[in-house]
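Colleague: Hey, dropping work_0.txt in here, compact mmCIF, C-alpha atoms:
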# COMPACT_ATOMS: atom_id res chain seq x y z
CA MET A 1 113.01 64.52 87.68
CA ASN A 2 112.66 68.16 88.73
CA THR A 3 113.06 69.27 92.36
CA ILE A 4 109.33 69.49 93.14
CA ALA A 5 108.76 65.98 91.73
CA GLN A 6 111.66 64.67 93.86
CA ILE A 7 110.25 66.31 97.00
CA LYS A 8 106.80 64.91 96.25
CA ASN A 9 108.03 61.38 95.51
CA PRO A 10 107.48 59.87 99.01
CA ILE A 11 103.93 61.30 99.16
CA ASN A 12 102.79 60.78 95.55
CA SER A 13 99.88 58.48 96.42
CA GLU A 14 98.74 60.78 99.24
CA MET A 15 98.84 63.83 96.95
CA GLU A 16 96.78 62.03 94.29
CA LEU A 17 94.12 61.03 96.81
CA PHE A 18 94.27 64.52 98.38
CA GLU A 19 93.44 66.16 95.03
CA LYS A 20 90.26 64.11 94.78
CA LYS A 21 89.28 64.80 98.40
CA PHE A 22 90.08 68.51 97.98
CA PHE A 23 87.87 68.77 94.88
CA ASP A 24 85.06 66.93 96.69
CA SER A 25 85.39 69.29 99.66
CA MET A 26 84.54 72.25 97.39
CA SER A 27 81.42 70.71 95.81
CA SER A 28 78.14 72.62 95.85
CA LYS A 29 74.59 72.33 94.52
CA VAL A 30 75.10 75.66 92.72
CA ALA A 31 76.25 75.11 89.13
CA LEU A 32 78.09 78.46 88.92
CA LEU A 33 80.11 77.64 92.04
CA ASN A 34 81.05 74.23 90.68
CA ARG A 35 82.20 75.81 87.40
CA ILE A 36 84.42 78.25 89.28
CA THR A 37 85.86 75.66 91.69
CA TYR A 38 86.59 73.35 88.74
CA TYR A 39 88.50 76.26 87.13
CA ILE A 40 90.46 76.78 90.39
CA VAL A 41 91.38 73.09 90.81
CA ASN A 42 92.62 72.79 87.23
CA ARG A 43 94.97 75.75 87.61
CA LYS A 44 96.65 74.69 90.81
CA GLY A 45 100.17 75.80 91.71
CA LYS A 46 103.00 73.70 93.14
CA GLN A 47 100.79 72.69 96.12
CA MET A 48 103.61 73.28 98.58
CA ARG A 49 101.22 73.70 101.51
CA PRO A 50 99.60 70.23 101.38
CA MET A 51 103.08 68.82 100.71
CA PHE A 52 104.26 70.29 104.04
CA VAL A 53 101.23 68.72 105.77
CA PHE A 54 101.85 65.20 104.42
CA LEU A 55 105.65 65.22 104.73
CA THR A 56 105.46 66.43 108.34
CA ALA A 57 102.81 63.83 109.25
CA LYS A 58 104.73 60.97 107.63
CA MET A 59 108.05 62.00 109.19
CA LEU A 60 106.49 61.94 112.69
CA SER A 61 104.48 58.73 112.27
CA ASN A 62 106.84 56.38 110.41
CA GLY A 63 105.09 56.95 107.10
CA LEU A 64 101.47 56.75 108.25
CA VAL A 65 98.72 59.27 107.56
CA ASN A 66 95.01 59.22 108.42
CA GLU A 67 91.76 60.94 107.47
CA ARG A 68 92.59 63.86 109.79
CA THR A 69 95.78 64.45 107.80
CA TYR A 70 93.77 64.66 104.56
CA ARG A 71 91.22 66.97 106.17
CA GLY A 72 94.00 69.17 107.55
CA ALA A 73 95.56 69.47 104.06
CA SER A 74 92.15 70.23 102.52
CA VAL A 75 91.33 72.90 105.13
CA ILE A 76 94.68 74.62 104.55
CA GLU A 77 94.23 74.58 100.77
CA LEU A 78 90.61 75.81 100.99
CA ILE A 79 91.60 78.72 103.22
CA HIS A 80 94.73 79.51 101.20
CA THR A 81 92.68 79.51 97.97
CA ALA A 82 90.06 81.77 99.60
CA THR A 83 92.75 84.29 100.57
CA LEU A 84 94.22 84.26 97.02
CA VAL A 85 90.77 84.92 95.50
CA HIS A 86 90.20 87.80 97.93
CA ASP A 87 93.74 89.15 97.39
CA ASP A 88 93.15 89.39 93.63
CA VAL A 89 90.04 91.50 94.29
CA VAL A 90 91.87 93.74 96.79
CA ASP A 91 94.87 94.16 94.46
CA ASP A 92 92.66 94.54 91.36
CA SER A 93 94.75 91.79 89.76
CA ASN A 94 93.63 90.12 86.54
CA ARG A 95 96.16 87.29 86.49
CA ARG A 96 97.04 84.46 88.86
CA ARG A 97 99.82 81.94 87.98
CA GLY A 98 99.63 83.02 84.34
CA PHE A 99 95.85 82.48 84.08
CA PHE A 100 92.96 84.88 84.42
CA SER A 101 91.96 85.46 88.05
CA ILE A 102 88.43 84.71 89.27
CA ASN A 103 87.56 88.42 89.48
CA ALA A 104 88.79 88.96 85.89
CA LEU A 105 86.46 86.25 84.56
CA TRP A 106 83.46 86.52 86.90
CA LYS A 107 83.76 90.08 88.40
CA ASN A 108 84.56 91.20 91.94
CA LYS A 109 81.23 90.43 93.60
CA ILE A 110 81.31 86.78 92.55
CA ALA A 111 85.02 86.47 93.47
CA VAL A 112 84.38 87.81 97.01
CA LEU A 113 81.44 85.40 97.46
CA VAL A 114 83.52 82.46 96.17
CA GLY A 115 86.28 83.36 98.63
CA ASP A 116 83.72 83.48 101.46
CA TYR A 117 82.29 80.13 100.34
CA LEU A 118 85.74 78.44 100.34
CA LEU A 119 86.49 79.87 103.78
CA SER A 120 83.20 78.54 105.19
CA LYS A 121 83.78 75.11 103.58
CA GLY A 122 87.15 74.92 105.30
CA VAL A 123 85.68 75.80 108.69
CA LEU A 124 82.78 73.35 108.27
CA LEU A 125 85.08 70.51 107.17
CA SER A 126 86.77 70.75 110.58
CA ILE A 127 83.59 71.29 112.62
CA ASP A 128 81.66 68.45 110.97
CA ASN A 129 84.46 66.04 111.90
CA ASP A 130 85.13 67.44 115.40
CA ASP A 131 88.64 68.51 114.37
CA PHE A 132 88.53 71.46 116.77
CA ASP A 133 92.26 71.23 117.51
CA LEU A 134 93.03 71.55 113.79
CA LEU A 135 90.48 74.36 113.40
CA LYS A 136 92.18 76.34 116.17
CA ILE A 137 95.55 76.09 114.38
CA ILE A 138 94.14 77.36 111.08
CA SER A 139 91.98 80.06 112.71
CA VAL A 140 95.06 81.59 114.34
CA ALA A 141 96.72 81.66 110.90
CA VAL A 142 93.73 83.44 109.28
CA ARG A 143 93.69 86.06 112.04
CA GLU A 144 97.43 86.67 111.74
CA MET A 145 97.33 86.89 107.93
CA SER A 146 94.70 89.65 108.16
CA GLU A 147 96.70 91.49 110.83
CA GLY A 148 99.89 91.22 108.74
CA GLU A 149 98.25 92.67 105.62
CA LEU A 150 96.75 95.58 107.58
CA LEU A 151 100.03 96.26 109.41
CA GLN A 152 101.81 96.42 106.05
CA ILE A 153 99.22 98.86 104.65
CA GLU A 154 99.48 101.05 107.77
CA LYS A 155 103.28 101.19 107.61
CA ALA A 156 103.40 101.72 103.82
CA ARG A 157 101.52 104.99 104.27
CA ARG A 158 104.18 106.39 106.58
CA LEU A 159 107.26 104.54 105.27
CA ASP A 160 108.52 104.30 108.87
CA ILE A 161 109.08 100.57 108.96
CA THR A 162 111.87 99.06 111.07
CA GLU A 163 113.47 95.67 110.46
CA ALA A 164 111.64 94.29 113.53
CA VAL A 165 108.26 95.44 112.18
CA TYR A 166 109.11 93.97 108.76
CA TYR A 167 109.74 90.56 110.37
CA GLU A 168 106.43 90.84 112.22
CA ILE A 169 104.64 91.61 108.94
CA ILE A 170 106.11 88.68 107.01
CA ARG A 171 105.71 86.33 109.97
CA LYS A 172 101.99 87.08 109.98
CA LYS A 173 101.41 87.54 106.24
CA THR A 174 103.34 84.56 104.87
CA ALA A 175 105.07 82.45 107.52
CA THR A 176 102.02 81.77 109.68
CA LEU A 177 100.28 79.76 106.94
CA ILE A 178 103.30 77.51 106.31
CA ALA A 179 103.72 77.19 110.10
CA SER A 180 100.11 76.03 110.37
CA CYS A 181 100.65 73.45 107.57
CA CYS A 182 103.43 71.81 109.57
CA ALA A 183 101.53 72.09 112.87
CA LEU A 184 98.42 70.55 111.26
CA GLY A 185 100.43 67.70 109.77
CA ALA A 186 102.00 67.00 113.15
CA LYS A 187 98.77 67.33 115.19
CA SER A 188 96.93 64.97 112.83
CA VAL A 189 99.22 62.07 113.83
CA VAL A 190 100.70 62.86 117.29
CA ASP A 191 99.43 64.30 120.58
CA ASP A 192 102.87 65.45 121.74
CA MET A 193 102.51 69.26 121.78
CA GLY A 194 106.31 69.61 121.97
CA GLN A 195 106.65 67.98 118.56
CA VAL A 196 103.72 69.97 117.16
CA GLU A 197 105.35 73.22 118.36
CA LYS A 198 108.75 72.21 116.91
CA MET A 199 107.15 71.64 113.50
CA ARG A 200 105.13 74.86 113.76
CA LYS A 201 108.38 76.77 114.40
CA PHE A 202 110.06 74.91 111.52
CA GLY A 203 107.27 76.03 109.16
CA GLU A 204 107.47 79.60 110.42
CA LEU A 205 111.21 79.79 109.74
CA ILE A 206 110.71 78.42 106.22
CA GLY A 207 107.94 80.95 105.64
CA MET A 208 110.25 83.80 106.68
CA ALA A 209 112.97 82.60 104.27
CA PHE A 210 110.33 82.13 101.54
CA GLN A 211 109.11 85.73 101.82
CA ILE A 212 112.60 87.24 101.84
CA LYS A 213 113.34 85.23 98.67
CA ASP A 214 110.19 86.73 97.11
CA ASP A 215 111.37 90.22 98.10
CA LEU A 216 114.72 89.56 96.44
CA PHE A 217 113.01 88.66 93.13
CA ASP A 218 112.04 92.34 92.83
CA TYR A 219 115.74 93.15 92.44
CA SER A 220 116.78 89.99 90.59
CA GLU A 221 117.36 89.65 86.86
CA GLU A 222 117.32 85.83 86.91
CA ALA A 223 113.63 85.06 86.55
CA ILE A 224 112.58 87.48 83.82
CA GLY A 225 115.78 89.06 82.56
CA LYS A 226 115.32 92.41 84.33
CA PRO A 227 114.48 93.66 87.83
CA THR A 228 110.78 94.48 88.16
CA GLY A 229 110.66 97.08 90.94
CA ILE A 230 106.99 96.17 91.53
CA ASP A 231 107.37 96.39 95.32
CA ILE A 232 108.82 99.89 94.98
CA LYS A 233 105.99 100.96 92.66
CA GLU A 234 103.50 99.66 95.25
CA GLN A 235 105.41 101.36 98.10
CA LYS A 236 106.06 98.01 99.79
CA MET A 237 108.94 98.23 102.22
CA THR A 238 110.99 95.04 101.87
CA LEU A 239 114.16 93.96 103.68
CA PRO A 240 116.80 95.10 101.12
CA LEU A 241 115.27 98.60 101.07
CA ILE A 242 114.72 98.78 104.85
CA HIS A 243 118.35 97.84 105.55
CA VAL A 244 119.67 100.51 103.17
CA LEU A 245 117.24 103.16 104.50
CA ASN A 246 118.43 102.52 108.05
CA ASN A 247 122.12 102.62 107.10
CA CYS A 248 122.52 105.56 104.70
CA SER A 249 123.04 109.30 105.23
CA ASN A 250 120.09 111.60 106.00
CA LYS A 251 120.39 113.13 102.52
CA GLU A 252 120.27 109.71 100.83
CA LYS A 253 117.39 108.66 103.08
CA SER A 254 115.38 111.75 102.06
CA TRP A 255 116.04 111.00 98.38
CA LEU A 256 114.96 107.37 98.82
CA ILE A 257 111.75 108.23 100.69
CA ASN A 258 110.90 110.98 98.18
CA SER A 259 111.52 108.52 95.31
CA ILE A 260 109.22 105.89 96.82
CA LYS A 261 106.48 108.35 97.84
CA ASN A 262 106.39 110.68 94.87
CA HIS A 263 108.26 109.05 91.96
CA ASN A 264 107.37 105.36 92.32
CA LYS A 265 105.75 105.29 88.86
CA ASP A 266 108.81 106.84 87.18
CA LYS A 267 110.66 103.88 85.59
CA LYS A 268 114.00 105.70 85.51
CA ARG A 269 113.74 106.69 89.19
CA VAL A 270 112.73 103.16 90.19
CA LYS A 271 115.80 101.81 88.35
CA GLU A 272 117.96 104.30 90.28
CA VAL A 273 116.47 103.13 93.59
CA ILE A 274 117.13 99.47 92.64
CA ALA A 275 120.75 100.32 91.76
CA PHE A 276 121.20 102.27 95.02
CA VAL A 277 119.87 99.36 97.11
CA LYS A 278 122.18 96.92 95.27
CA ASN A 279 125.25 99.16 95.60
CA ASN A 280 124.66 99.61 99.34
CA ASN A 281 124.58 95.87 100.12
CA GLY A 282 120.80 95.66 100.58
CA LEU A 283 120.60 92.38 98.65
CA ILE A 284 123.60 90.77 100.37
CA TYR A 285 122.15 91.67 103.78
CA ALA A 286 118.72 90.21 102.91
CA GLU A 287 120.28 87.04 101.44
CA ASN A 288 122.28 86.50 104.65
CA LYS A 289 119.12 86.86 106.76
CA MET A 290 117.27 84.44 104.48
CA VAL A 291 120.04 81.83 104.84
CA ALA A 292 120.01 82.32 108.65
CA PHE A 293 116.28 81.44 108.77
CA GLN A 294 116.92 78.45 106.48
CA GLN A 295 119.76 77.14 108.66
CA GLU A 296 117.65 77.52 111.83
CA ALA A 297 114.89 75.47 110.16
CA LEU A 298 117.38 72.72 109.23
CA LEU A 299 118.58 72.57 112.86
CA ILE A 300 115.03 71.73 113.97
CA LEU A 301 114.92 68.80 111.52
CA ASN A 302 118.12 67.43 113.11
CA ASN A 303 115.97 66.47 116.12
CA PHE A 304 114.14 63.83 114.09
CA PRO A 305 115.34 60.40 112.89
CA ASN A 306 116.47 60.04 109.28
CA SER A 307 113.79 59.06 106.76
CA ILE A 308 112.80 59.72 103.14
CA TYR A 309 110.20 62.20 104.48
CA LYS A 310 112.82 64.13 106.41
CA ASP A 311 115.02 64.12 103.27
CA SER A 312 112.14 65.63 101.30
CA LEU A 313 111.60 68.33 103.94
CA ILE A 314 115.33 69.18 103.76
CA MET A 315 115.00 69.42 99.96
CA MET A 316 111.98 71.67 100.43
CA VAL A 317 113.93 73.96 102.78
CA ASN A 318 116.72 74.28 100.22
CA TYR A 319 114.27 74.70 97.33
CA VAL A 320 112.63 77.68 99.08
CA ILE A 321 115.81 79.75 98.86
CA GLU A 322 117.19 78.34 95.59
CA ARG A 323 114.02 78.59 93.46
CA LYS A 324 114.08 80.82 90.37
CA LYS A 325 110.47 82.06 90.61
Could you rewrite the structure in this file as structure tokens?

Modeller:
Amino acid sequence: MNTIAQIKNPINSEMELFEKKFFDSMSSKVALLNRITYYIVNRKGKQMRPMFVFLTAKMLSNGLVNERTYRGASVIELIHTATLVHDDVVDDSNRRRGFFSINALWKNKIAVLVGDYLLSKGVLLSIDNDDFDLLKIISVAVREMSEGELLQIEKARRLDITEAVYYEIIRKKTATLIASCCALGAKSVVDDMGQVEKMRKFGELIGMAFQIKDDLFDYSEEAIGKPTGIDIKEQKMTLPLIHVLNNCSNKEKSWLINSIKNHNKDKKRVKEVIAFVKNNNGLIYAENKMVAFQQEALLILNNFPNSIYKDSLIMMVNYVIERKK
């Protein structure tokens, strides 16, 4: 049994029922929309977000979930899918998880409208069931994700990003959605805001570790046999690079900034930047920060009684920083 299957084991029946409810939540009277949503559902990823929702809910409620838990998981997945569809349009990307993206198959205009449709379905699913507390949690996440993306674009233009700003970007861009998964799972089964906040913080810490791991893949040879340097080509300032930029000589800093601004499409120069970051402990520094976030997340779980759901969340925390892609 692979790691994801092991993590999912205590929530297998919930995940099966969730898939049906999620597909139903996307249904429309428009045939084109149904064709596209069917395509989306059949090319799903690992579904880590709904897994966080169900595992959190079951850990806090002695293994019980309710209709609000399913709706919370569906809302998260609808909104997450909407952001992915929109991201592919913004990034002009033709592939998603190894398959053609929506915009590649049906053009940008349709992809934007499908993203809008999924977003509205998520909002309405909460409103129609008076889940205003759950809607507030997810609405905060959507706002923060937009702010994070725009903050990253603003800083990429000037390449003046500090480590503190980087953390703010990844907290908003990536961590806030995982934080909202855990908060939704908790709020669907308990009214104790202390527990909801603990689980929100837990999700945020995991999200931070998750994004740093993604940043490290750009320098790693494990997944595809060679470093990709895609972040450098796109002038994205990630933690390994930021650390080295803030700790090298002025001459080296000028060379790095010039490389990223003016030579980011030059494969040889990108390789030199990757080597420079590695040789100046950029990766080691980022890995240490990632592990610190992971350990802080595990400390939060120590507050809860032992259960198979807690064990799965611990596995998930470890999987986030050990995964190969």

Colleague: What does the distance between atom CA of Leu119 of chain A and atom CA of Ile79 of chain A come to in Å, to one decimal place?

Modeller: 5.3 Å

Colleague: What is the distance, in Å and to one decimal place, between atom CA of Gln294 of chain A and atom CA of Ser146 of chain A?

Modeller: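 For atom CA of Gln294 of chain A relative to atom CA of Ser146 of chain A, the distance reads 24.9 Å.
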
Colleague: Given the choices A:Leu118, A:Cys248, A:Met59, A:Ala275, which gets closest to Leu301 of chain A if the distance is worked out from all atoms listed in the file?

Modeller: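 For Leu301 of chain A, the nearest of the given residues is A:Met59.
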
Colleague: Mind listing whatever residues come within 10 Å of the point (98.2, 67.4, 103.1)? Use all atoms listed in the file, file coordinates, and give them as a PyMOL selection string.

Modeller: chain A and resi 11+14-15+17-19+22+47-57+65+68-77+181-182+184-185

Colleague: Would you tabulate, counting all atoms listed in the file, all residues of segment 6-25 of chain A that have an atom at most 12 Å from an atom of segment 304-319 of chain A, showing the closest pair of atoms and their distance in Å to one decimal, sorted by chain then ascending number, as a tab-separated table?

Modeller:
residue	atom	partner	partner_atom	distance
A:Gln6	CA	A:Ser312	CA	7.5
A:Ile7	CA	A:Ser312	CA	4.7
A:Lys8	CA	A:Ser312	CA	7.4
A:Asn9	CA	A:Ser312	CA	8.3
A:Pro10	CA	A:Tyr309	CA	6.5
A:Ile11	CA	A:Tyr309	CA	8.3
A:Asn12	CA	A:Tyr309	CA	11.7

Colleague: Between A:Leu256, A:Val140, A:Val85, A:Leu245, which one has atoms that come closest to Val114 of chain A, using all atoms listed in the file?

Modeller: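 When distances to Val114 of chain A are compared using all atoms listed in the file, the smallest one comes from A:Val85.
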
Colleague: Would you save segment 149-164 of chain A to a file, keeping C-alpha atoms, as a PDB file, in the first residue's frame?

Modeller:
ATOM      1  CA  GLU A 149      -0.430  35.977  -6.166  1.00  0.00           C
ATOM      2  CA  LEU A 150      -0.477  39.749  -6.710  1.00  0.00           C
ATOM      3  CA  LEU A 151       2.152  40.345  -4.010  1.00  0.00           C
ATOM      4  CA  GLN A 152       4.414  37.796  -5.717  1.00  0.00           C
ATOM      5  CA  ILE A 153       3.953  39.478  -9.118  1.00  0.00           C
ATOM      6  CA  GLU A 154       4.683  42.909  -7.608  1.00  0.00           C
ATOM      7  CA  LYS A 155       7.869  41.710  -5.903  1.00  0.00           C
ATOM      8  CA  ALA A 156       9.074  39.686  -8.923  1.00  0.00           C
ATOM      9  CA  ARG A 157       9.242  42.892 -10.950  1.00  0.00           C
ATOM     10  CA  ARG A 158      11.661  44.496  -8.509  1.00  0.00           C
ATOM     11  CA  LEU A 159      13.421  41.384  -7.155  1.00  0.00           C
ATOM     12  CA  ASP A 160      13.541  43.063  -3.725  1.00  0.00           C
ATOM     13  CA  ILE A 161      11.937  40.278  -1.751  1.00  0.00           C
ATOM     14  CA  THR A 162      12.912  39.634   1.879  1.00  0.00           C
ATOM     15  CA  GLU A 163      12.479  36.337   3.698  1.00  0.00           C
ATOM     16  CA  ALA A 164       9.577  37.842   5.698  1.00  0.00           C
TER      17      ALA A 164
END
